file structure-v2.cif (mmCIF, C-alpha atoms)
data_query
#
loop_
_atom_site.label_atom_id
_atom_site.label_comp_id
_atom_site.auth_asym_id
_atom_site.auth_seq_id
_atom_site.Cartn_x
_atom_site.Cartn_y
_atom_site.Cartn_z
CA MET A 458 0.00 0.00 0.00
CA PHE A 459 2.83 2.39 0.92
CA GLY A 460 4.64 1.56 -2.33
CA LYS A 461 1.50 2.21 -4.36
CA MET A 462 1.03 5.56 -2.61
CA MET A 463 4.64 6.61 -3.33
CA ASN A 464 4.28 5.51 -6.95
CA SER A 465 1.22 7.75 -7.30
CA PHE A 466 3.12 10.59 -5.67
CA TYR A 467 6.02 10.43 -8.13
CA TYR A 468 4.27 9.32 -11.31
CA GLY A 469 0.68 10.47 -10.87
CA LYS A 470 -2.61 8.64 -10.52
CA SER A 471 -4.19 6.65 -13.29
CA GLY A 472 -6.57 8.80 -15.33
CA LYS A 473 -5.02 12.04 -14.07
CA GLY A 474 -2.85 12.89 -17.05
CA ASP A 475 -0.37 9.98 -16.93
CA PHE A 476 -1.31 7.13 -19.24
CA ARG A 477 -0.31 3.57 -19.80
CA LYS A 478 0.31 2.67 -23.45
CA GLU A 479 -3.12 1.13 -23.82
CA ASP A 480 -4.77 4.22 -22.30
CA LEU A 481 -3.17 6.81 -24.60
CA PRO A 482 -5.64 8.88 -26.66
CA LYS A 483 -5.92 7.70 -30.25
CA ASN A 484 -6.63 11.12 -31.80
CA ARG A 485 -6.37 14.81 -30.98
CA TRP A 486 -10.03 15.11 -30.14
CA GLN A 487 -9.68 12.53 -27.37
CA LEU A 488 -6.42 14.12 -26.23
CA PHE A 489 -8.05 17.55 -25.99
CA TRP A 490 -10.94 16.44 -23.81
CA GLU A 491 -8.77 14.27 -21.57
CA MET A 492 -6.23 17.04 -21.02
CA LEU A 493 -9.01 19.58 -20.44
CA ARG A 494 -10.48 17.32 -17.76
CA VAL A 495 -7.10 16.91 -16.10
CA ARG A 496 -5.98 20.54 -16.36
CA LEU A 497 -9.27 22.39 -15.79
CA SER A 498 -8.45 23.58 -12.27
CA SER A 499 -4.91 24.49 -13.35
CA LEU A 500 -6.32 26.58 -16.19
CA CYS A 501 -8.35 28.53 -13.63
CA ARG A 502 -5.24 29.17 -11.54
CA LEU A 503 -3.25 30.19 -14.61
CA ASN A 504 -6.02 32.56 -15.67
CA LEU A 505 -6.29 34.18 -12.24
CA MET A 506 -2.52 34.57 -12.13
CA THR A 507 -2.43 36.48 -15.40
CA VAL A 508 -5.74 38.35 -15.27
CA ALA A 509 -4.06 41.54 -14.00
CA ALA A 510 -2.55 42.08 -17.44
CA TRP A 511 -6.02 41.97 -18.97
CA LEU A 512 -7.75 44.30 -16.50
CA PRO A 513 -7.06 47.43 -18.63
CA VAL A 514 -8.68 45.72 -21.64
CA ILE A 515 -11.67 44.65 -19.54
CA ILE A 516 -12.05 48.19 -18.16
CA LEU A 517 -11.80 49.67 -21.66
CA ILE A 518 -14.47 47.33 -22.99
CA GLY A 519 -16.66 48.13 -19.98
CA TYR A 520 -16.27 51.86 -20.61
CA CYS A 521 -17.20 51.50 -24.29
CA VAL A 522 -20.22 49.35 -23.49
CA SER A 523 -21.46 51.76 -20.80
CA THR A 524 -21.05 54.70 -23.22
CA VAL A 525 -23.11 52.99 -25.90
CA PHE A 526 -25.67 51.83 -23.33
CA ASN A 527 -26.13 55.34 -21.95
CA ALA A 528 -26.50 56.75 -25.46
CA MET A 529 -29.14 54.13 -26.26
CA VAL A 530 -31.06 54.95 -23.07
CA ILE A 531 -30.96 58.69 -23.71
CA SER A 532 -31.98 58.21 -27.34
CA GLY A 533 -34.86 55.93 -26.39
CA ASP A 534 -36.09 58.24 -23.63
CA TYR A 535 -35.93 61.29 -25.91
CA MET A 536 -37.87 59.55 -28.69
CA ASN A 537 -40.44 58.51 -26.11
CA TYR A 538 -40.62 62.13 -24.88
CA VAL A 539 -41.22 63.40 -28.42
CA GLN A 540 -44.07 60.94 -28.90
CA THR A 541 -45.73 60.98 -25.45
CA GLY A 542 -44.32 63.97 -23.59
CA ASP A 543 -43.08 61.72 -20.78
CA LEU A 544 -39.57 62.71 -19.62
CA GLY A 545 -38.76 59.26 -18.30
CA ASN A 546 -35.19 59.32 -16.96
CA LEU A 547 -34.40 62.60 -18.71
CA THR A 548 -34.31 66.00 -17.07
CA GLU A 549 -35.77 69.13 -18.63
CA GLU A 550 -32.25 70.51 -19.03
CA GLN A 551 -31.18 67.44 -21.03
CA VAL A 552 -34.24 67.73 -23.27
CA GLN A 553 -33.53 71.42 -23.88
CA ASN A 554 -29.88 70.71 -24.70
CA ILE A 555 -30.81 67.97 -27.17
CA ALA A 556 -33.44 70.17 -28.80
CA ALA A 557 -31.04 73.13 -28.96
CA SER A 558 -28.32 71.05 -30.60
CA GLY A 559 -30.55 70.58 -33.65
CA ILE A 560 -29.37 67.00 -34.30
CA ASN A 561 -31.59 63.97 -34.55
CA MET A 562 -31.11 60.86 -32.50
CA GLU A 563 -29.73 58.83 -35.37
CA GLN A 564 -26.99 61.38 -35.93
CA MET A 565 -26.26 61.49 -32.20
CA MET A 566 -25.91 57.70 -32.05
CA ALA A 567 -23.63 57.74 -35.10
CA ASP A 568 -21.41 60.38 -33.48
CA VAL A 569 -21.29 58.45 -30.22
CA LEU A 570 -20.34 55.24 -32.00
CA TYR A 571 -17.64 56.98 -34.05
CA ASN A 572 -16.09 58.64 -31.00
CA MET A 573 -16.37 55.45 -28.97
CA VAL A 574 -14.68 53.29 -31.62
CA PHE A 575 -11.90 55.82 -32.15
CA THR A 576 -11.30 56.14 -28.41
CA ALA A 577 -11.35 52.37 -27.95
CA CYS A 578 -8.84 51.83 -30.79
CA LEU A 579 -6.57 54.55 -29.38
CA TRP A 580 -6.56 53.25 -25.82
CA ALA A 581 -6.30 49.65 -27.00
CA ILE A 582 -2.69 50.26 -28.05
CA PRO A 583 -1.17 50.42 -24.53
CA CYS A 584 -3.75 47.98 -23.14
CA ILE A 585 -2.85 45.27 -25.66
CA LEU A 586 0.86 46.11 -25.62
CA ILE A 587 1.35 45.05 -22.00
CA THR A 588 -0.31 41.67 -22.61
CA GLY A 589 2.35 40.43 -25.06
CA PRO A 590 4.82 38.83 -22.63
CA VAL A 591 1.94 37.36 -20.64
CA LYS A 592 0.59 35.72 -23.79
CA ALA A 593 3.98 34.15 -24.43
CA GLY A 594 4.08 32.66 -20.92
CA VAL A 595 0.53 31.31 -21.17
CA ALA A 596 1.22 29.93 -24.66
CA TYR A 597 4.18 27.91 -23.38
CA VAL A 598 2.34 26.42 -20.40
CA THR A 599 -0.84 25.57 -22.36
CA ARG A 600 1.22 24.13 -25.23
CA ASN A 601 2.78 21.61 -22.85
CA TRP A 602 -0.50 20.79 -21.15
CA ALA A 603 -2.28 20.30 -24.47
CA ARG A 604 0.17 17.57 -25.48
CA ASP A 605 0.25 15.87 -22.05
CA GLU A 606 3.59 17.30 -20.94
CA HIS A 607 4.39 18.79 -17.57
CA ALA A 608 4.69 22.53 -16.99
CA PHE A 609 4.88 24.46 -13.72
CA ILE A 610 2.32 27.25 -13.66
CA TRP A 611 4.66 29.91 -12.29
CA SER A 612 8.27 28.92 -13.02
CA ASP A 613 7.73 27.77 -16.62
CA PHE A 614 5.48 30.76 -17.26
CA LYS A 615 8.17 33.10 -15.93
CA ASP A 616 10.92 31.44 -17.99
CA ALA A 617 8.84 31.70 -21.18
CA VAL A 618 8.20 35.40 -20.52
CA LYS A 619 11.91 35.98 -19.93
CA ASP A 620 12.95 34.17 -23.12
CA ASN A 621 10.35 35.67 -25.46
CA TRP A 622 9.42 39.12 -24.13
CA LYS A 623 11.05 41.08 -26.97
CA GLN A 624 9.23 39.28 -29.77
CA ALA A 625 6.06 39.19 -27.66
CA LEU A 626 6.13 42.98 -27.24
CA GLY A 627 6.69 43.38 -30.98
CA ILE A 628 3.67 41.24 -31.82
CA SER A 629 1.45 42.89 -29.21
CA ALA A 630 2.53 46.37 -30.38
CA ILE A 631 1.46 45.62 -33.95
CA THR A 632 -1.73 43.95 -32.69
CA GLY A 633 -2.52 47.01 -30.60
CA VAL A 634 -1.96 49.45 -33.48
CA MET A 635 -3.77 47.32 -36.08
CA PRO A 636 -7.40 48.19 -35.05
CA LEU A 637 -6.67 51.94 -35.19
CA VAL A 638 -4.91 51.68 -38.57
CA VAL A 639 -7.68 49.54 -40.06
CA TYR A 640 -10.43 51.81 -38.71
CA LEU A 641 -8.86 55.08 -39.90
CA ALA A 642 -7.92 53.62 -43.28
CA TYR A 643 -11.42 52.17 -43.70
CA GLN A 644 -13.00 55.54 -42.90
CA PHE A 645 -10.62 57.39 -45.23
CA TYR A 646 -11.11 55.11 -48.24
CA GLY A 647 -14.84 54.98 -47.49
CA GLN A 648 -15.06 58.77 -47.85
CA GLN A 649 -13.00 58.64 -51.04
CA ALA A 650 -15.25 55.89 -52.42
CA ARG A 651 -18.18 58.33 -52.40
CA SER A 652 -16.57 60.12 -55.34
CA SER A 653 -14.91 57.09 -56.98
CA LEU A 654 -15.78 53.43 -56.50
CA ILE A 655 -12.17 52.46 -57.24
CA PHE A 656 -11.33 53.31 -53.64
CA MET A 657 -13.45 50.39 -52.49
CA VAL A 658 -10.56 48.13 -53.53
CA PRO A 659 -8.02 49.47 -50.98
CA GLN A 660 -10.83 49.73 -48.44
CA MET A 661 -11.51 45.99 -48.71
CA LEU A 662 -7.78 45.22 -48.76
CA VAL A 663 -7.40 47.04 -45.44
CA VAL A 664 -10.21 44.95 -43.95
CA MET A 665 -8.60 41.76 -45.25
CA LEU A 666 -5.28 42.80 -43.72
CA GLY A 667 -6.91 43.17 -40.32
CA ILE A 668 -8.67 39.80 -40.64
CA VAL A 669 -5.50 37.96 -41.69
CA TRP A 670 -3.56 39.49 -38.80
CA ALA A 671 -6.31 38.47 -36.36
CA LEU A 672 -6.09 34.91 -37.69
CA GLY A 673 -2.30 35.00 -37.42
CA CYS A 674 -2.62 35.85 -33.72
CA ILE A 675 -3.64 32.23 -33.19
CA PHE A 676 -0.14 31.12 -34.26
CA PHE A 677 2.17 33.96 -33.20
CA TYR A 678 2.70 33.03 -29.56
CA PRO A 679 2.66 29.20 -29.82
CA LEU A 680 5.18 29.45 -32.68
CA MET A 681 7.27 31.93 -30.70
CA VAL A 682 7.66 29.66 -27.66
CA SER A 683 8.21 26.49 -29.71
CA TYR A 684 10.90 27.48 -32.22
CA LYS A 685 13.84 29.85 -32.48
CA MET A 686 13.40 32.23 -35.41
CA SER A 687 13.70 35.90 -36.27
CA PHE A 688 10.81 38.28 -35.82
CA GLY A 689 10.24 38.48 -39.57
CA GLN A 690 10.19 34.70 -39.90
CA LEU A 691 7.79 34.47 -36.97
CA VAL A 692 5.30 36.84 -38.59
CA LYS A 693 5.71 35.29 -42.06
CA ASN A 694 5.34 31.68 -40.94
CA SER A 695 2.37 32.44 -38.69
CA LEU A 696 0.46 34.22 -41.45
CA ILE A 697 1.29 31.46 -43.94
CA MET A 698 -0.03 28.75 -41.61
CA ALA A 699 -3.14 30.82 -40.84
CA VAL A 700 -3.91 31.00 -44.57
CA ALA A 701 -2.87 27.39 -45.23
CA ARG A 702 -5.34 26.16 -42.62
CA LEU A 703 -7.88 28.90 -43.31
CA PRO A 704 -11.17 27.04 -42.64
CA GLN A 705 -9.89 25.58 -39.36
CA THR A 706 -8.30 28.87 -38.29
CA VAL A 707 -11.51 30.80 -38.96
CA GLY A 708 -13.44 28.13 -37.07
CA ILE A 709 -11.16 28.43 -34.03
CA ARG A 710 -11.43 32.22 -34.09
CA LEU A 711 -15.23 32.08 -34.27
CA LEU A 712 -15.31 29.47 -31.51
CA LEU A 713 -13.34 31.78 -29.22
CA LEU A 714 -15.77 34.63 -29.99
CA ILE A 715 -18.90 32.66 -29.05
CA PRO A 716 -19.07 33.84 -25.38
CA SER A 717 -18.66 37.50 -26.40
CA LEU A 718 -21.14 37.24 -29.27
CA LEU A 719 -23.69 35.48 -27.08
CA ALA A 720 -23.38 38.09 -24.33
CA GLY A 721 -23.58 40.88 -26.93
CA VAL A 722 -26.78 39.50 -28.46
CA ILE A 723 -28.41 39.14 -25.04
CA PHE A 724 -27.36 42.68 -24.13
CA VAL A 725 -28.71 44.20 -27.38
CA TYR A 726 -32.07 42.45 -27.21
CA SER A 727 -32.66 42.66 -23.45
CA GLY A 728 -30.69 45.76 -22.48
CA SER A 729 -29.54 43.91 -19.36
CA LEU A 730 -25.99 44.32 -18.12
CA ILE A 731 -26.12 40.93 -16.36
CA ALA A 732 -24.94 39.14 -19.50
CA LEU A 733 -21.91 41.42 -19.73
CA LEU A 734 -21.10 40.91 -16.03
CA VAL A 735 -21.29 37.15 -16.52
CA LEU A 736 -18.99 37.50 -19.54
CA ALA A 737 -16.49 39.51 -17.50
CA GLY A 738 -16.58 36.87 -14.75
CA TYR A 739 -15.99 34.12 -17.29
CA TYR A 740 -12.87 35.81 -18.65
CA ILE A 741 -11.59 36.65 -15.19
CA LEU A 742 -12.04 33.05 -13.99
CA ILE A 743 -10.95 30.91 -16.94
CA GLY A 744 -11.86 32.47 -20.29
CA TYR A 745 -8.44 33.55 -21.52
CA SER A 746 -6.45 30.48 -20.46
CA LEU A 747 -9.17 28.17 -21.82
CA GLY A 748 -9.02 29.97 -25.15
CA ARG A 749 -5.24 29.59 -25.22
CA PHE A 750 -5.58 25.89 -24.37
CA ILE A 751 -7.95 25.43 -27.31
CA THR A 752 -5.58 27.21 -29.69
CA ALA A 753 -2.62 25.23 -28.32
CA SER A 754 -4.41 21.95 -29.04
CA PHE A 755 -5.03 23.17 -32.59
CA THR A 756 -1.58 24.63 -33.26
CA ASN A 757 0.19 21.54 -31.89
CA GLY A 758 -1.41 19.54 -34.69
CA VAL A 759 -0.57 22.16 -37.32
CA PHE A 760 3.07 22.30 -36.18
CA ASP A 761 3.33 18.51 -36.37
CA LYS A 762 2.01 18.56 -39.93
CA PHE A 763 3.95 21.48 -41.37
CA ILE A 764 7.10 21.73 -39.23
CA ASN A 765 7.90 18.83 -36.90
CA SER A 766 7.33 16.12 -39.52
CA ARG A 767 9.97 17.79 -41.72
CA MET A 768 12.59 18.13 -39.00
CA GLU A 769 14.84 15.15 -38.37
CA GLY A 770 14.69 13.74 -34.86
CA VAL A 771 11.70 15.84 -33.75
CA GLN A 772 8.92 13.88 -32.07
CA VAL A 773 5.43 14.25 -33.52
CA ASN A 774 1.98 13.46 -32.10
CA ARG A 775 3.08 13.92 -28.50
CA GLY A 776 0.50 12.60 -26.09
CA LEU A 777 -1.06 10.32 -28.71
CA ALA A 778 -0.77 6.58 -29.08
CA SER A 779 1.66 5.69 -31.87
CA GLU A 780 1.53 2.71 -34.20
CA GLU A 781 4.44 1.17 -32.29
CA ASP A 782 2.45 1.41 -29.05
CA GLU A 783 -0.50 -0.34 -30.70
CA ASP A 784 1.77 -3.08 -32.08
CA ASP A 785 3.33 -3.61 -28.64
CA GLU A 786 -0.13 -3.81 -27.11
CA GLU A 787 -1.21 -6.45 -29.63
CA GLU A 788 1.95 -8.47 -28.97
CA GLU A 789 1.36 -8.33 -25.20
CA GLU A 790 -2.24 -9.48 -25.68
CA GLU A 791 -1.08 -12.40 -27.82
CA GLU A 792 1.54 -13.42 -25.24
CA ASN A 793 -1.01 -13.26 -22.43
CA GLN A 794 -3.50 -15.45 -24.23
CA PRO A 795 -3.83 -18.95 -22.67
CA GLN A 796 -2.15 -21.76 -24.62
#
call {"tool": "encode", "arguments": {"input": "structure-v2.cif", "output": "structure tokens"}}
result
Amino acid sequence: MFGKMMNSFYYGKSGKGDFRKEDLPKNRWQLFWEMLRVRLSSLCRLNLMTVAAWLPVIILIGYCVSTVFNAMVISGDYMNYVQTGDLGNLTEEQVQNIAASGINMEQMMADVLYNMVFTACLWAIPCILITGPVKAGVAYVTRNWARDEHAFIWSDFKDAVKDNWKQALGISAITGVMPLVVYLAYQFYGQQARSSLIFMVPQMLVVMLGIVWALGCIFFYPLMVSYKMSFGQLVKNSLIMAVARLPQTVGIRLLLLIPSLLAGVIFVYSGSLIALLVLAGYYILIGYSLGRFITASFTNGVFDKFINSRMEGVQVNRGLASEEDEDDEEEEEEENQPQ
């Protein structure tokens, strides 16, 4: 009994992330769910450890949402006042100011949205910039967990940040600037397109640039912590793999957006802030690390297909049962059969 307890202490318990040959997952789908079951509590701890870096982004999103929400309430109350004469939540001074401004509610909402988007894109630059090194650390830890390898939450995270912070800051700087560049360029070419439709071409190209970069973000940090390459090679290879696996990459990106889209739809149709508070709690508790774990499970397979399989001596399909394991299992079963 004591020996069995010590064996569990050193090598882990059966079904808790350490497998016998016959228990190894046969495909990546099985590996993902088994590792998620084993590492779920660790993902929560990893998320809580790194959530401080994301607080500025969460606050910025909350500010933008509250601005739009207040504008919607004021617009709705004013339209109701025009039709019924009921002030609702408005004061007489607010009604007089709106009437004196001479703008309609549609124009006011358009102005609010424009100013809100511009402000959000501007403040997103420093907010996203500081998350780069943290993303590198999380990418390293979740990469190991996703392929059934050990990683210490703090020490391995810290080492990955130390080794990759320069490239991580470079990627996060471009990612932070990208929304502002895309938004301003889209607005500029959109105004020019009113006089000549030819400007719709660069307008769409700008949008495509932003989309491709967003897809490349799935690969930047896992590639960064897995291989040694220059910054230019990192960007080039990540974008190439994002395009090469375009349907799957788009699917992963949409999957990660489901919680935000669901909360947004509930907020728009109900006007309740509860959905947004639940969304914030989800990302504070586990949302970010879970998303990185999902992308790590995906990128591990892509790296095996496009990189590891072409490198001599590099192991592929880590955490999965190999053909040799299956052959050994069959041989053991044949030897154990009664004569």
call {"tool": "resolve_selection", "arguments": {"input": "structure-v2.cif", "expression": "the PyMOL selection byres ((chain A and resi 586) around 12)", "output": "count of residues only"}}
result
31
call {"tool": "resolve_selection", "arguments": {"input": "structure-v2.cif", "expression": "the PyMOL selection byres ((chain A and resi 747) around 9)", "output": "MDAnalysis selection string"}}
result
chainID A and resid 493 497 500:501 504 599 743:746 748:752
call {"tool": "atom_distance", "arguments": {"input": "structure-v2.cif", "atom1": "atom CA of A:Leu696", "atom2": "atom CA of A:Thr507"}}
result
26.3 Å
call {"tool": "atom_distance", "arguments": {"input": "structure-v2.cif", "atom1": "atom CA of A:Asn527", "atom2": "atom CA of A:Tyr739"}}
result
24.0 Å
call {"tool": "resolve_selection", "arguments": {"input": "structure-v2.cif", "expression": "the PyMOL selection byres ((chain A and resi 733) around 10)", "output": "mmCIF file with C-alpha atoms, in the coordinates of the input"}}
result
data_model
loop_
_atom_site.group_PDB
_atom_site.id
_atom_site.type_symbol
_atom_site.label_atom_id
_atom_site.label_comp_id
_atom_site.auth_asym_id
_atom_site.auth_seq_id
_atom_site.Cartn_x
_atom_site.Cartn_y
_atom_site.Cartn_z
ATOM 1 C CA GLY A 519 -16.660 48.130 -19.980
ATOM 2 C CA VAL A 522 -20.220 49.350 -23.490
ATOM 3 C CA PRO A 716 -19.070 33.840 -25.380
ATOM 4 C CA SER A 717 -18.660 37.500 -26.400
ATOM 5 C CA LEU A 719 -23.690 35.480 -27.080
ATOM 6 C CA ALA A 720 -23.380 38.090 -24.330
ATOM 7 C CA GLY A 721 -23.580 40.880 -26.930
ATOM 8 C CA ILE A 723 -28.410 39.140 -25.040
ATOM 9 C CA PHE A 724 -27.360 42.680 -24.130
ATOM 10 C CA SER A 729 -29.540 43.910 -19.360
ATOM 11 C CA LEU A 730 -25.990 44.320 -18.120
ATOM 12 C CA ILE A 731 -26.120 40.930 -16.360
ATOM 13 C CA ALA A 732 -24.940 39.140 -19.500
ATOM 14 C CA LEU A 734 -21.100 40.910 -16.030
ATOM 15 C CA VAL A 735 -21.290 37.150 -16.520
ATOM 16 C CA LEU A 736 -18.990 37.500 -19.540
ATOM 17 C CA ALA A 737 -16.490 39.510 -17.500
ATOM 18 C CA GLY A 738 -16.580 36.870 -14.750
ATOM 19 C CA TYR A 739 -15.990 34.120 -17.290
#
